[in-house]
>>> print(open('my_file.pdb').read())   # PDB, C-alpha atoms
MODEL        1
ATOM      1  CA  MET A   1     158.696  30.428   1.601  1.00  0.00           C
ATOM      2  CA  GLN A   2     158.279  32.102   5.002  1.00  0.00           C
ATOM      3  CA  LYS A   3     155.504  30.761   7.239  1.00  0.00           C
ATOM      4  CA  VAL A   4     153.354  33.402   8.925  1.00  0.00           C
ATOM      5  CA  THR A   5     150.392  33.023  11.273  1.00  0.00           C
ATOM      6  CA  ILE A   6     147.777  35.781  11.242  1.00  0.00           C
ATOM      7  CA  TYR A   7     144.795  36.369  13.517  1.00  0.00           C
ATOM      8  CA  THR A   8     142.235  38.986  12.470  1.00  0.00           C
ATOM      9  CA  ASP A   9     139.036  40.524  13.786  1.00  0.00           C
ATOM     10  CA  GLY A  10     136.660  43.333  13.014  1.00  0.00           C
ATOM     11  CA  ALA A  11     134.145  45.057  15.254  1.00  0.00           C
ATOM     12  CA  CYS A  12     131.355  47.547  14.781  1.00  0.00           C
ATOM     13  CA  SER A  13     129.319  49.600  17.245  1.00  0.00           C
ATOM     14  CA  GLY A  14     126.012  49.472  15.432  1.00  0.00           C
ATOM     15  CA  ASN A  15     125.871  47.985  11.948  1.00  0.00           C
ATOM     16  CA  PRO A  16     126.495  50.344  10.223  1.00  0.00           C
ATOM     17  CA  GLY A  17     128.313  52.505  12.711  1.00  0.00           C
ATOM     18  CA  PRO A  18     131.833  53.233  13.917  1.00  0.00           C
ATOM     19  CA  GLY A  19     134.107  50.240  13.442  1.00  0.00           C
ATOM     20  CA  GLY A  20     137.564  48.912  14.116  1.00  0.00           C
ATOM     21  CA  TRP A  21     139.771  46.164  12.720  1.00  0.00           C
ATOM     22  CA  ALA A  22     142.895  44.467  14.009  1.00  0.00           C
ATOM     23  CA  ALA A  23     145.393  41.777  13.155  1.00  0.00           C
ATOM     24  CA  VAL A  24     148.228  39.990  14.903  1.00  0.00           C
ATOM     25  CA  LEU A  25     150.987  38.700  12.609  1.00  0.00           C
ATOM     26  CA  ILE A  26     153.430  36.090  13.899  1.00  0.00           C
ATOM     27  CA  TYR A  27     156.664  35.081  12.191  1.00  0.00           C
ATOM     28  CA  GLY A  28     158.947  32.910  14.299  1.00  0.00           C
ATOM     29  CA  GLU A  29     159.450  34.759  17.562  1.00  0.00           C
ATOM     30  CA  TYR A  30     158.320  38.078  16.064  1.00  0.00           C
ATOM     31  CA  LYS A  31     154.821  39.382  16.677  1.00  0.00           C
ATOM     32  CA  LYS A  32     153.312  42.528  15.166  1.00  0.00           C
ATOM     33  CA  GLU A  33     149.930  44.079  15.966  1.00  0.00           C
ATOM     34  CA  ILE A  34     148.171  46.377  13.509  1.00  0.00           C
ATOM     35  CA  SER A  35     144.781  48.057  13.767  1.00  0.00           C
ATOM     36  CA  GLY A  36     142.634  50.881  12.469  1.00  0.00           C
ATOM     37  CA  GLY A  37     139.114  52.231  12.397  1.00  0.00           C
ATOM     38  CA  CYS A  38     136.425  53.945  10.380  1.00  0.00           C
ATOM     39  CA  LYS A  39     133.699  56.359  11.514  1.00  0.00           C
ATOM     40  CA  GLU A  40     130.905  54.785   9.425  1.00  0.00           C
ATOM     41  CA  THR A  41     131.211  51.167   8.326  1.00  0.00           C
ATOM     42  CA  THR A  42     129.856  47.651   8.773  1.00  0.00           C
ATOM     43  CA  ASN A  43     131.053  44.628  10.684  1.00  0.00           C
ATOM     44  CA  ASN A  44     131.755  42.703   7.460  1.00  0.00           C
ATOM     45  CA  ILE A  45     133.827  45.562   6.037  1.00  0.00           C
ATOM     46  CA  MET A  46     135.911  45.639   9.219  1.00  0.00           C
ATOM     47  CA  GLU A  47     136.396  41.835   9.162  1.00  0.00           C
ATOM     48  CA  LEU A  48     137.557  42.017   5.534  1.00  0.00           C
ATOM     49  CA  THR A  49     139.715  45.085   6.158  1.00  0.00           C
ATOM     50  CA  ALA A  50     141.556  43.256   8.942  1.00  0.00           C
ATOM     51  CA  ILE A  51     142.386  40.415   6.533  1.00  0.00           C
ATOM     52  CA  LEU A  52     143.337  42.808   3.740  1.00  0.00           C
ATOM     53  CA  GLU A  53     145.608  44.972   5.876  1.00  0.00           C
ATOM     54  CA  ALA A  54     147.307  41.929   7.411  1.00  0.00           C
ATOM     55  CA  LEU A  55     148.064  40.452   3.981  1.00  0.00           C
ATOM     56  CA  LYS A  56     149.242  43.858   2.717  1.00  0.00           C
ATOM     57  CA  ALA A  57     151.673  44.054   5.653  1.00  0.00           C
ATOM     58  CA  LEU A  58     153.595  40.999   4.401  1.00  0.00           C
ATOM     59  CA  LYS A  59     156.795  42.146   2.720  1.00  0.00           C
ATOM     60  CA  THR A  60     157.684  38.919   0.868  1.00  0.00           C
ATOM     61  CA  GLU A  61     155.815  35.933  -0.515  1.00  0.00           C
ATOM     62  CA  CYS A  62     154.533  33.915   2.452  1.00  0.00           C
ATOM     63  CA  GLU A  63     152.702  30.776   3.410  1.00  0.00           C
ATOM     64  CA  VAL A  64     149.937  32.050   5.681  1.00  0.00           C
ATOM     65  CA  GLU A  65     147.734  30.359   8.251  1.00  0.00           C
ATOM     66  CA  LEU A  66     144.993  32.949   8.719  1.00  0.00           C
ATOM     67  CA  TYR A  67     142.514  32.705  11.602  1.00  0.00           C
ATOM     68  CA  SER A  68     139.267  34.675  11.684  1.00  0.00           C
ATOM     69  CA  ASP A  69     135.983  34.379  13.563  1.00  0.00           C
ATOM     70  CA  SER A  70     134.159  35.697  10.484  1.00  0.00           C
ATOM     71  CA  ALA A  71     132.342  32.842   8.736  1.00  0.00           C
ATOM     72  CA  TYR A  72     131.586  35.324   5.913  1.00  0.00           C
ATOM     73  CA  SER A  73     135.300  35.855   5.248  1.00  0.00           C
ATOM     74  CA  VAL A  74     136.505  32.283   5.730  1.00  0.00           C
ATOM     75  CA  ASN A  75     133.642  30.583   3.880  1.00  0.00           C
ATOM     76  CA  ALA A  76     134.081  32.790   0.817  1.00  0.00           C
ATOM     77  CA  PHE A  77     137.356  30.954   0.196  1.00  0.00           C
ATOM     78  CA  ASN A  78     136.820  27.590   1.878  1.00  0.00           C
ATOM     79  CA  GLN A  79     133.393  27.041   0.305  1.00  0.00           C
ATOM     80  CA  GLY A  80     134.428  28.518  -3.052  1.00  0.00           C
ATOM     81  CA  TRP A  81     132.004  31.447  -3.126  1.00  0.00           C
ATOM     82  CA  ILE A  82     134.679  33.852  -4.343  1.00  0.00           C
ATOM     83  CA  TYR A  83     135.553  31.678  -7.353  1.00  0.00           C
ATOM     84  CA  ASN A  84     131.896  31.607  -8.373  1.00  0.00           C
ATOM     85  CA  TRP A  85     131.645  35.387  -7.933  1.00  0.00           C
ATOM     86  CA  ILE A  86     134.654  35.840 -10.207  1.00  0.00           C
ATOM     87  CA  LYS A  87     133.189  33.507 -12.857  1.00  0.00           C
ATOM     88  CA  LYS A  88     129.924  35.470 -12.760  1.00  0.00           C
ATOM     89  CA  GLY A  89     131.619  38.882 -13.066  1.00  0.00           C
ATOM     90  CA  TRP A  90     131.443  39.594  -9.307  1.00  0.00           C
ATOM     91  CA  LYS A  91     127.775  38.718  -9.071  1.00  0.00           C
ATOM     92  CA  THR A  92     126.189  36.488  -6.427  1.00  0.00           C
ATOM     93  CA  ALA A  93     124.233  33.319  -7.185  1.00  0.00           C
ATOM     94  CA  ASP A  94     121.062  35.418  -7.459  1.00  0.00           C
ATOM     95  CA  GLY A  95     122.693  37.872  -9.896  1.00  0.00           C
ATOM     96  CA  LYS A  96     123.268  40.744  -7.440  1.00  0.00           C
ATOM     97  CA  GLU A  97     126.499  42.696  -7.196  1.00  0.00           C
ATOM     98  CA  VAL A  98     128.856  41.207  -4.580  1.00  0.00           C
ATOM     99  CA  LYS A  99     128.914  43.459  -1.514  1.00  0.00           C
ATOM    100  CA  ASN A 100     132.322  44.881  -0.624  1.00  0.00           C
ATOM    101  CA  LYS A 101     133.587  43.804  -4.055  1.00  0.00           C
ATOM    102  CA  GLU A 102     136.634  46.085  -4.062  1.00  0.00           C
ATOM    103  CA  ILE A 103     137.932  44.673  -0.775  1.00  0.00           C
ATOM    104  CA  TRP A 104     137.279  41.096  -1.935  1.00  0.00           C
ATOM    105  CA  GLN A 105     139.170  41.798  -5.165  1.00  0.00           C
ATOM    106  CA  GLU A 106     142.196  43.092  -3.258  1.00  0.00           C
ATOM    107  CA  ILE A 107     142.176  40.120  -0.884  1.00  0.00           C
ATOM    108  CA  TYR A 108     141.825  37.720  -3.809  1.00  0.00           C
ATOM    109  CA  GLY A 109     144.796  39.376  -5.541  1.00  0.00           C
ATOM    110  CA  LEU A 110     146.908  38.912  -2.411  1.00  0.00           C
ATOM    111  CA  THR A 111     145.929  35.223  -2.218  1.00  0.00           C
ATOM    112  CA  LYS A 112     147.584  34.885  -5.624  1.00  0.00           C
ATOM    113  CA  LYS A 113     150.831  36.292  -4.190  1.00  0.00           C
ATOM    114  CA  HIS A 114     150.700  34.410  -0.872  1.00  0.00           C
ATOM    115  CA  LYS A 115     149.566  30.863  -0.131  1.00  0.00           C
ATOM    116  CA  VAL A 116     146.748  31.530   2.333  1.00  0.00           C
ATOM    117  CA  ASN A 117     144.914  28.885   4.322  1.00  0.00           C
ATOM    118  CA  PHE A 118     141.740  30.316   5.899  1.00  0.00           C
ATOM    119  CA  ASN A 119     140.707  28.938   9.308  1.00  0.00           C
ATOM    120  CA  LYS A 120     137.485  29.695  11.184  1.00  0.00           C
ATOM    121  CA  VAL A 121     137.795  30.173  14.948  1.00  0.00           C
ATOM    122  CA  LYS A 122     134.994  30.608  17.453  1.00  0.00           C
ATOM    123  CA  GLY A 123     134.681  34.267  18.378  1.00  0.00           C
ATOM    124  CA  HIS A 124     134.645  35.497  21.984  1.00  0.00           C
ATOM    125  CA  SER A 125     135.925  32.144  23.259  1.00  0.00           C
ATOM    126  CA  ASP A 126     139.284  30.989  24.589  1.00  0.00           C
ATOM    127  CA  VAL A 127     141.319  31.745  21.450  1.00  0.00           C
ATOM    128  CA  GLU A 128     143.835  34.163  22.980  1.00  0.00           C
ATOM    129  CA  LEU A 129     144.994  35.964  19.832  1.00  0.00           C
ATOM    130  CA  ASN A 130     141.465  36.278  18.442  1.00  0.00           C
ATOM    131  CA  ASN A 131     140.474  37.890  21.741  1.00  0.00           C
ATOM    132  CA  ARG A 132     143.498  40.202  21.461  1.00  0.00           C
ATOM    133  CA  CYS A 133     142.370  41.268  17.977  1.00  0.00           C
ATOM    134  CA  ASP A 134     138.860  41.908  19.290  1.00  0.00           C
ATOM    135  CA  GLU A 135     140.308  44.068  22.077  1.00  0.00           C
ATOM    136  CA  LEU A 136     142.441  46.058  19.609  1.00  0.00           C
ATOM    137  CA  ALA A 137     139.504  46.532  17.195  1.00  0.00           C
ATOM    138  CA  ARG A 138     137.226  47.759  19.995  1.00  0.00           C
ATOM    139  CA  THR A 139     139.965  50.137  21.188  1.00  0.00           C
ATOM    140  CA  GLU A 140     140.012  51.656  17.682  1.00  0.00           C
ATOM    141  CA  ILE A 141     136.249  52.282  17.896  1.00  0.00           C
ATOM    142  CA  GLY A 142     136.856  54.137  21.167  1.00  0.00           C
ATOM    143  CA  LYS A 143     139.324  56.459  19.409  1.00  0.00           C
ATOM    144  CA  LEU A 144     136.757  57.643  16.827  1.00  0.00           C
TER     145      LEU A 144
ENDMDL
END
>>> encode(input="my_file.pdb", output="structure tokens")
Amino acid sequence: MQKVTIYTDGACSGNPGPGGWAAVLIYGEYKKEISGGCKETTNNIMELTAILEALKALKTECEVELYSDSAYSVNAFNQGWIYNWIKKGWKTADGKEVKNKEIWQEIYGLTKKHKVNFNKVKGHSDVELNNRCDELARTEIGKL
């Protein structure tokens, strides 16, 4: 199974407001940057979209080390929230509909195809590729 490293980030100017997402995918010596934006969105949607689009960009089954500064995204898997949501029919612990359910469902489906290890990184610190993703995401906002 191919080993891929992915860094992701999402950004929003206002919440909601115009937003951007970005990812850097690394396989061996190859590096690919992808990004996009949306005129009216939220920070969490952009964080999740970055993860989703990065996983969708993988052409074959991969073992993925994914790095994100979004505690919301990482904790959903590492703290098991998503498995509880699934058991409860995509409802939260207090019985409310899970926000951004459709994106979560797509990401979850891709974690069945790929072996994904989610890692939390500190945002706006010295993590070079996280900073690069932030720069790309903010550039996308500027294009809207």
>>> atom_distance(input="my_file.pdb", atom1="atom CA of Lys99 of chain A", atom2="atom CA of Asp9 of chain A")
18.6 Å
>>> residues_around(input="my_file.pdb", residues="Leu25 of chain A", least_positions_apart="3", cutoff="8 Å", atoms="only C-alpha atoms", output="ChimeraX atom specification")
/A:4-7,31-33,54
>>> resolve_selection(input="my_file.pdb", expression="the PyMOL selection byres ((chain A and resi 111) around 12)", output="JSON list (two decimals) with C-alpha atoms, in the frame of the given file")
[["chain", "number", "residue", "atom", "x", "y", "z"],
["A", 51, "ILE", "CA", 142.39, 40.42, 6.53],
["A", 52, "LEU", "CA", 143.34, 42.81, 3.74],
["A", 54, "ALA", "CA", 147.31, 41.93, 7.41],
["A", 55, "LEU", "CA", 148.06, 40.45, 3.98],
["A", 56, "LYS", "CA", 149.24, 43.86, 2.72],
["A", 58, "LEU", "CA", 153.60, 41.00, 4.40],
["A", 61, "GLU", "CA", 155.82, 35.93, -0.52],
["A", 62, "CYS", "CA", 154.53, 33.92, 2.45],
["A", 63, "GLU", "CA", 152.70, 30.78, 3.41],
["A", 64, "VAL", "CA", 149.94, 32.05, 5.68],
["A", 65, "GLU", "CA", 147.73, 30.36, 8.25],
["A", 66, "LEU", "CA", 144.99, 32.95, 8.72],
["A", 77, "PHE", "CA", 137.36, 30.95, 0.20],
["A", 82, "ILE", "CA", 134.68, 33.85, -4.34],
["A", 104, "TRP", "CA", 137.28, 41.10, -1.94],
["A", 105, "GLN", "CA", 139.17, 41.80, -5.16],
["A", 106, "GLU", "CA", 142.20, 43.09, -3.26],
["A", 107, "ILE", "CA", 142.18, 40.12, -0.88],
["A", 108, "TYR", "CA", 141.82, 37.72, -3.81],
["A", 109, "GLY", "CA", 144.80, 39.38, -5.54],
["A", 110, "LEU", "CA", 146.91, 38.91, -2.41],
["A", 112, "LYS", "CA", 147.58, 34.88, -5.62],
["A", 113, "LYS", "CA", 150.83, 36.29, -4.19],
["A", 114, "HIS", "CA", 150.70, 34.41, -0.87],
["A", 115, "LYS", "CA", 149.57, 30.86, -0.13],
["A", 116, "VAL", "CA", 146.75, 31.53, 2.33],
["A", 117, "ASN", "CA", 144.91, 28.88, 4.32],
["A", 118, "PHE", "CA", 141.74, 30.32, 5.90]]
>>> atom_distance(input="my_file.pdb", atom1="atom CA of Thr42 of chain A", atom2="atom CA of Gly20 of chain A")
9.5 Å
>>> resolve_selection(input="my_file.pdb", expression="the PyMOL selection byres ((chain A and resi 67-70) around 10)", output="short mmCIF file (atom, residue, chain, number, x, y, z; two decimals) with C-alpha atoms, in the coordinates of the input")
data_model
loop_
_atom_site.label_atom_id
_atom_site.label_comp_id
_atom_site.auth_asym_id
_atom_site.auth_seq_id
_atom_site.Cartn_x
_atom_site.Cartn_y
_atom_site.Cartn_z
CA THR A 5 150.39 33.02 11.27
CA ILE A 6 147.78 35.78 11.24
CA TYR A 7 144.79 36.37 13.52
CA THR A 8 142.24 38.99 12.47
CA ASP A 9 139.04 40.52 13.79
CA GLY A 10 136.66 43.33 13.01
CA ALA A 23 145.39 41.78 13.16
CA VAL A 24 148.23 39.99 14.90
CA ASN A 43 131.05 44.63 10.68
CA ASN A 44 131.76 42.70 7.46
CA GLU A 47 136.40 41.84 9.16
CA LEU A 48 137.56 42.02 5.53
CA ALA A 50 141.56 43.26 8.94
CA ILE A 51 142.39 40.42 6.53
CA VAL A 64 149.94 32.05 5.68
CA GLU A 65 147.73 30.36 8.25
CA LEU A 66 144.99 32.95 8.72
CA ALA A 71 132.34 32.84 8.74
CA TYR A 72 131.59 35.32 5.91
CA SER A 73 135.30 35.85 5.25
CA VAL A 74 136.50 32.28 5.73
CA ASN A 75 133.64 30.58 3.88
CA ASN A 117 144.91 28.88 4.32
CA PHE A 118 141.74 30.32 5.90
CA ASN A 119 140.71 28.94 9.31
CA LYS A 120 137.49 29.70 11.18
CA VAL A 121 137.79 30.17 14.95
CA LYS A 122 134.99 30.61 17.45
CA GLY A 123 134.68 34.27 18.38
CA HIS A 124 134.65 35.50 21.98
CA SER A 125 135.93 32.14 23.26
CA VAL A 127 141.32 31.74 21.45
CA LEU A 129 144.99 35.96 19.83
CA ASN A 130 141.46 36.28 18.44
CA ASN A 131 140.47 37.89 21.74
CA CYS A 133 142.37 41.27 17.98
CA ASP A 134 138.86 41.91 19.29
#
>>> atom_distance(input="my_file.pdb", atom1="atom CA of Lys101 of chain A", atom2="atom CA of Lys88 of chain A")
12.6 Å
>>> axis_aligned_box(input="my_file.pdb", around="segment 57-62 of chain A", padding_each_side="4 Å", output="AutoDock Vina command-line options")
--center_x 154.7 --center_y 39.0 --center_z 2.6 --size_x 14.0 --size_y 18.1 --size_z 14.2
>>> closest_residue(input="my_file.pdb", among="A:Cys38, A:Gln2, A:Tyr30, A:Tyr83", to="Pro16 of chain A", atoms="all atoms listed in the file")
A:Cys38
>>> closest_residue(input="my_file.pdb", among="A:Gly28, A:Glu102, A:Asp126, A:Ser35", to="Trp90 of chain A", atoms="only C-alpha atoms")
A:Glu102
>>> closest_residue(input="my_file.pdb", among="A:Tyr27, A:Ile34, A:Glu128, A:Glu40", to="Cys12 of chain A", atoms="all atoms listed in the file")
A:Glu40
>>> resolve_selection(input="my_file.pdb", expression="the PyMOL selection byres ((chain A and resi 37) around 10)", output="list in words")
Gly10, Ala11, Cys12, Pro18, Gly19, Gly20, Trp21, Ala22, Ser35, Gly36, Cys38, Lys39, Glu40, Thr41, Met46, Thr49, Ala50, Ala137, Arg138, Thr139, Glu140, Ile141, Gly142, Lys143 and Leu144 of chain A
>>> build_atoms(input="my_file.pdb", residues="segment 77-107 of chain A", atoms="N, CA and C atoms", output="tab-separated table (two decimals), in the frame of the given file")
chain	number	residue	atom	x	y	z
A	77	PHE	N	136.26	31.71	0.80
A	77	PHE	CA	137.36	30.95	0.20
A	77	PHE	C	137.17	29.45	0.38
A	78	ASN	N	136.88	29.03	1.60
A	78	ASN	CA	136.82	27.59	1.88
A	78	ASN	C	135.63	26.90	1.23
A	79	GLN	N	134.56	27.64	0.97
A	79	GLN	CA	133.39	27.04	0.30
A	79	GLN	C	133.30	27.45	-1.17
A	80	GLY	N	134.32	28.19	-1.63
A	80	GLY	CA	134.43	28.52	-3.05
A	80	GLY	C	133.53	29.62	-3.57
A	81	TRP	N	132.90	30.37	-2.67
A	81	TRP	CA	132.00	31.45	-3.13
A	81	TRP	C	132.74	32.42	-4.03
A	82	ILE	N	133.95	32.81	-3.62
A	82	ILE	CA	134.68	33.85	-4.34
A	82	ILE	C	134.98	33.43	-5.78
A	83	TYR	N	135.25	32.15	-5.99
A	83	TYR	CA	135.55	31.68	-7.35
A	83	TYR	C	134.30	31.73	-8.23
A	84	ASN	N	133.16	31.47	-7.63
A	84	ASN	CA	131.90	31.61	-8.37
A	84	ASN	C	131.59	33.07	-8.67
A	85	TRP	N	131.87	33.96	-7.70
A	85	TRP	CA	131.65	35.39	-7.93
A	85	TRP	C	132.50	35.87	-9.11
A	86	ILE	N	133.74	35.43	-9.13
A	86	ILE	CA	134.65	35.84	-10.21
A	86	ILE	C	134.12	35.35	-11.55
A	87	LYS	N	133.73	34.08	-11.61
A	87	LYS	CA	133.19	33.51	-12.86
A	87	LYS	C	131.97	34.27	-13.34
A	88	LYS	N	131.17	34.78	-12.41
A	88	LYS	CA	129.92	35.47	-12.76
A	88	LYS	C	130.11	36.99	-12.85
A	89	GLY	N	131.37	37.44	-12.97
A	89	GLY	CA	131.62	38.88	-13.07
A	89	GLY	C	131.31	39.63	-11.78
A	90	TRP	N	131.65	39.03	-10.64
A	90	TRP	CA	131.44	39.59	-9.31
A	90	TRP	C	129.96	39.79	-9.02
A	91	LYS	N	129.21	38.77	-9.40
A	91	LYS	CA	127.78	38.72	-9.07
A	91	LYS	C	127.54	37.50	-8.17
A	92	THR	N	126.54	37.60	-7.31
A	92	THR	CA	126.19	36.49	-6.43
A	92	THR	C	125.37	35.47	-7.20
A	93	ALA	N	125.03	34.38	-6.55
A	93	ALA	CA	124.23	33.32	-7.18
A	93	ALA	C	122.90	33.85	-7.69
A	94	ASP	N	122.35	34.85	-7.01
A	94	ASP	CA	121.06	35.42	-7.46
A	94	ASP	C	121.23	36.63	-8.37
A	95	GLY	N	122.45	36.83	-8.89
A	95	GLY	CA	122.69	37.87	-9.90
A	95	GLY	C	122.94	39.26	-9.36
A	96	LYS	N	123.01	39.42	-8.03
A	96	LYS	CA	123.27	40.74	-7.44
A	96	LYS	C	124.77	41.00	-7.37
A	97	GLU	N	125.10	42.28	-7.35
A	97	GLU	CA	126.50	42.70	-7.20
A	97	GLU	C	127.02	42.20	-5.84
A	98	VAL	N	128.24	41.65	-5.83
A	98	VAL	CA	128.86	41.21	-4.58
A	98	VAL	C	129.12	42.42	-3.70
A	99	LYS	N	128.66	42.36	-2.45
A	99	LYS	CA	128.91	43.46	-1.51
A	99	LYS	C	130.39	43.49	-1.17
A	100	ASN	N	130.92	44.67	-1.01
A	100	ASN	CA	132.32	44.88	-0.62
A	100	ASN	C	133.29	44.33	-1.67
A	101	LYS	N	132.85	44.39	-2.93
A	101	LYS	CA	133.59	43.80	-4.06
A	101	LYS	C	135.04	44.27	-4.12
A	102	GLU	N	135.28	45.55	-3.92
A	102	GLU	CA	136.63	46.08	-4.06
A	102	GLU	C	137.58	45.48	-3.03
A	103	ILE	N	137.09	45.27	-1.81
A	103	ILE	CA	137.93	44.67	-0.78
A	103	ILE	C	138.19	43.21	-1.12
A	104	TRP	N	137.13	42.50	-1.54
A	104	TRP	CA	137.28	41.10	-1.94
A	104	TRP	C	138.31	40.97	-3.06
A	105	GLN	N	138.24	41.87	-4.04
A	105	GLN	CA	139.17	41.80	-5.16
A	105	GLN	C	140.62	41.97	-4.71
A	106	GLU	N	140.83	42.89	-3.77
A	106	GLU	CA	142.20	43.09	-3.26
A	106	GLU	C	142.68	41.87	-2.48
A	107	ILE	N	141.80	41.32	-1.65
A	107	ILE	CA	142.18	40.12	-0.88
A	107	ILE	C	142.48	38.98	-1.85
